[in-house]
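I have placed the structure first, in the form of structure tokens, so that the comments after it can refer back to it.
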Amino acid sequence: LCDISGSDAAVVVLRKDVKKPAEIVGIWMVGCAGMCFGAVVLGGVTRLTESGLSMVDWRLLKDMKPPGSEEEWQQEFDKYKQFPEYKYMESKKEMTLSDFKFIYYMEWGHRMWGRTTGIVFLLPALYFLRKGWISQSAKPRLALCAGLLGLQGFLGWYMVKSGLEDKPNPSDVPRVSHYRLATHLGAAFALYTLFLWQGFNHLLTPIKMADAQSLKKLRGMAHGVKTAVFLTALSGAFVAGLDAGLTYNSYPKMADKWIPDDMWVISPKWRNIFENPTFVQFNHRHLAESTVLLIAGFWWLARKAPLHPRARLAVNLLLGMAFGQASLGVLTLLTYVPTSIAATHQSGSLVLLSLAVWMTHELRRLPK
């Protein structure tokens with residue numbers, strides 16, 4: 001309730017005007033991160049429902065309108081019948097036009113969500129650049145976001161294309177390359193992280209914490225924790241791409257053994273690490289366990305560090321989510337990978353990564 005007049009009033013108005021664009025840009029960045037989150041979840045459900053190969057071509061504009069008449073639907077169905085997945089599915093169970101419509105709409109929804117994400121990013125970006133709301137230091141990161149978005153579109157089709165090719169062995173299950181799937185998911189996680197970090201930069205008030213020795217150690221460890229979460233999630237893409245979650249559905253042992261007998265059946269031996277479903281599941285299990293232990297150790301070391309309440313909240317939530325995500329993983333395994341639980345588990349990996357990014361952002365060293 002101060003009496004403000006003259007130049008003082010102008011200063012108050014100016015400060016208010018300067019703050020508002022930063023908040024708007026921050027909300028937009030977090031919104032773009034939310035769109036990425038939705039794309040990852042929808043992509044996971046699309047894969048779990050075996051819908052990803054239903055659209056056998058890629059047309060930027062024409063794909064935006066799904067078939068309207070029964071004749072158009074039949075034409076799309078006839079195109080799908082020419083590819084390996086239909087022949088494999090038909091050998092197990094007859095596929096009707098109604099069945100095809102379901103998987104087509106799943107893949108179409110995923111593609112449209114991706115293109116909407118591009119629009120949600122691009123149009124405001126052009127507006128904010130024109131208004132001068134993007135700082136000079138943020139422009140390279142904005143360009144990186146644009147590049148990653150374009151790359152995602154290419155990687156999506158590059159991945160799908162691998163599943164439309166005939167397999168050397170007719171009995172092989174038609175599926176996309178798990179290498180391309182992991183690249184597609186990894187790029188999505190990188191883009192999500194970039195959007196979220198920039199959103200935090202604009203929305204969270206920087207907090208100066210005491211420059212204690214314990215904080216210096218925690219800052220270094222925080223990046224290690226974030227990397228471990230990212231790599232564990234990426235190994236999950238290999239599990240998904242090879243359907244490795246269905247090889248051993250017991251825990252903690254794999255068919256009453258700590259180390260299964262069929263881990264080195266592929267030649268040359270190094271290929272087992274990436275292409276043997278048993279080895280891939282083994283890797284994901286122990287990467288996940290190691291990540292949970294790393295987060296628990298980080299939390300233990302952070303107990304006595306002079307953290308701000310906001311940073312401490314991030315550390316506590318990270319620990320809780322780590323145990324929750326590990327429990328979801330075990331449940332997914334023991335229940336033979338049902339779509340609902342598996343999709344929740346994949347979403348959980350992104351929530352865990354979000355908390356790791358938030359924690360790292362809170363602990364970062366502020367410029368003088």
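The way I read the labels, and the way they are meant: chains A, B, ... in the order of the structure tokens, residue 1 as the first residue of every chain, and ligand 1 as the first ligand shown, with later ones counted on from there.
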Contacts of Asn249 of chain A at 10 Å (only C-alpha atoms; same-chain gap of 6+ positions) as a PDB file with C-alpha atoms, in the first residue's frame:
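Listed below is the output, around.pdb:
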ATOM      1  CA  ALA A 255      13.660 -69.207 -14.167  1.00  0.00           C
ATOM      2  CA  VAL A 330       8.384 -56.051 -11.485  1.00  0.00           C
ATOM      3  CA  LEU A 331       4.576 -56.008 -11.715  1.00  0.00           C
ATOM      4  CA  THR A 332       4.773 -55.646 -15.518  1.00  0.00           C
ATOM      5  CA  LEU A 333       7.072 -58.670 -15.636  1.00  0.00           C
ATOM      6  CA  LEU A 334       5.048 -60.908 -13.316  1.00  0.00           C
ATOM      7  CA  THR A 335       1.751 -60.145 -15.092  1.00  0.00           C
ATOM      8  CA  TYR A 336       3.169 -60.905 -18.584  1.00  0.00           C
ATOM      9  CA  VAL A 337       3.233 -57.320 -19.851  1.00  0.00           C
TER      10      VAL A 337
END
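Once segment 21-38 of chain A and its same-chain neighbours fewer than 4 positions away are set aside, Leu42, Thr117, Val120, Phe121, Trp133, Ala188, Tyr192, Phe195, Leu196, Gln198, Gly199, Phe200, His202 and Leu203 of chain A remain within 7 Å of it when counting only C-alpha atoms.
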**Request:** For Thr96 of chain A, list every protein, DNA or RNA residue within 12 Å, evaluated using only C-alpha atoms, and leave out those in the same chain fewer than 3 positions away; present the list as a list in words.
**Result:** Trp73, Gln74, Phe77, Asp78, Lys81, Tyr86, Met89, Glu90, Lys93, Asp99, Phe100, Lys101, Phe102 and Ile103 of chain A
Which residues are near Phe230 of chain A? Cut-off 7 Å, only C-alpha atoms, ignore same chain within fewer than 4 positions. Put them as an mmCIF file with all heavy atoms, in the first residue's frame.
data_model
loop_
_atom_site.group_PDB
_atom_site.id
_atom_site.type_symbol
_atom_site.label_atom_id
_atom_site.label_comp_id
_atom_site.auth_asym_id
_atom_site.auth_seq_id
_atom_site.Cartn_x
_atom_site.Cartn_y
_atom_site.Cartn_z
ATOM 1 N N LYS A 226 20.886 -38.575 -13.209
ATOM 2 C CA LYS A 226 20.060 -38.267 -14.395
ATOM 3 C C LYS A 226 20.467 -39.142 -15.576
ATOM 4 O O LYS A 226 19.611 -39.665 -16.300
ATOM 5 C CB LYS A 226 20.208 -36.787 -14.749
ATOM 6 C CG LYS A 226 19.313 -36.314 -15.884
ATOM 7 C CD LYS A 226 19.364 -34.803 -16.032
ATOM 8 C CE LYS A 226 20.761 -34.309 -16.381
ATOM 9 N NZ LYS A 226 20.787 -32.850 -16.622
ATOM 10 N N LEU A 234 16.316 -46.055 -21.759
ATOM 11 C CA LEU A 234 16.715 -46.426 -23.115
ATOM 12 C C LEU A 234 16.837 -47.941 -23.249
ATOM 13 O O LEU A 234 16.466 -48.517 -24.277
ATOM 14 C CB LEU A 234 18.048 -45.759 -23.456
ATOM 15 C CG LEU A 234 18.369 -45.550 -24.935
ATOM 16 C CD1 LEU A 234 17.296 -44.698 -25.599
ATOM 17 C CD2 LEU A 234 19.738 -44.896 -25.101
ATOM 18 N N LEU A 353 12.469 -39.394 -14.928
ATOM 19 C CA LEU A 353 13.426 -38.511 -15.599
ATOM 20 C C LEU A 353 13.093 -37.045 -15.311
ATOM 21 O O LEU A 353 13.993 -36.229 -15.094
ATOM 22 C CB LEU A 353 13.419 -38.779 -17.107
ATOM 23 C CG LEU A 353 14.383 -37.934 -17.944
ATOM 24 C CD1 LEU A 353 15.836 -38.201 -17.551
ATOM 25 C CD2 LEU A 353 14.184 -38.203 -19.441
#
**Asked** Which one of A:Lys65, A:Arg47, A:Lys216, A:Arg141 sits closest to Ala125 of chain A if you count only C-alpha atoms?
**Response** A:Arg141
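Of the residues under consideration (A:Ser347, A:Gln213, A:Thr232, A:Ser327), A:Gln213 shows the shortest atom-to-atom contact distance to Pro306 of chain A when counting only C-alpha atoms.
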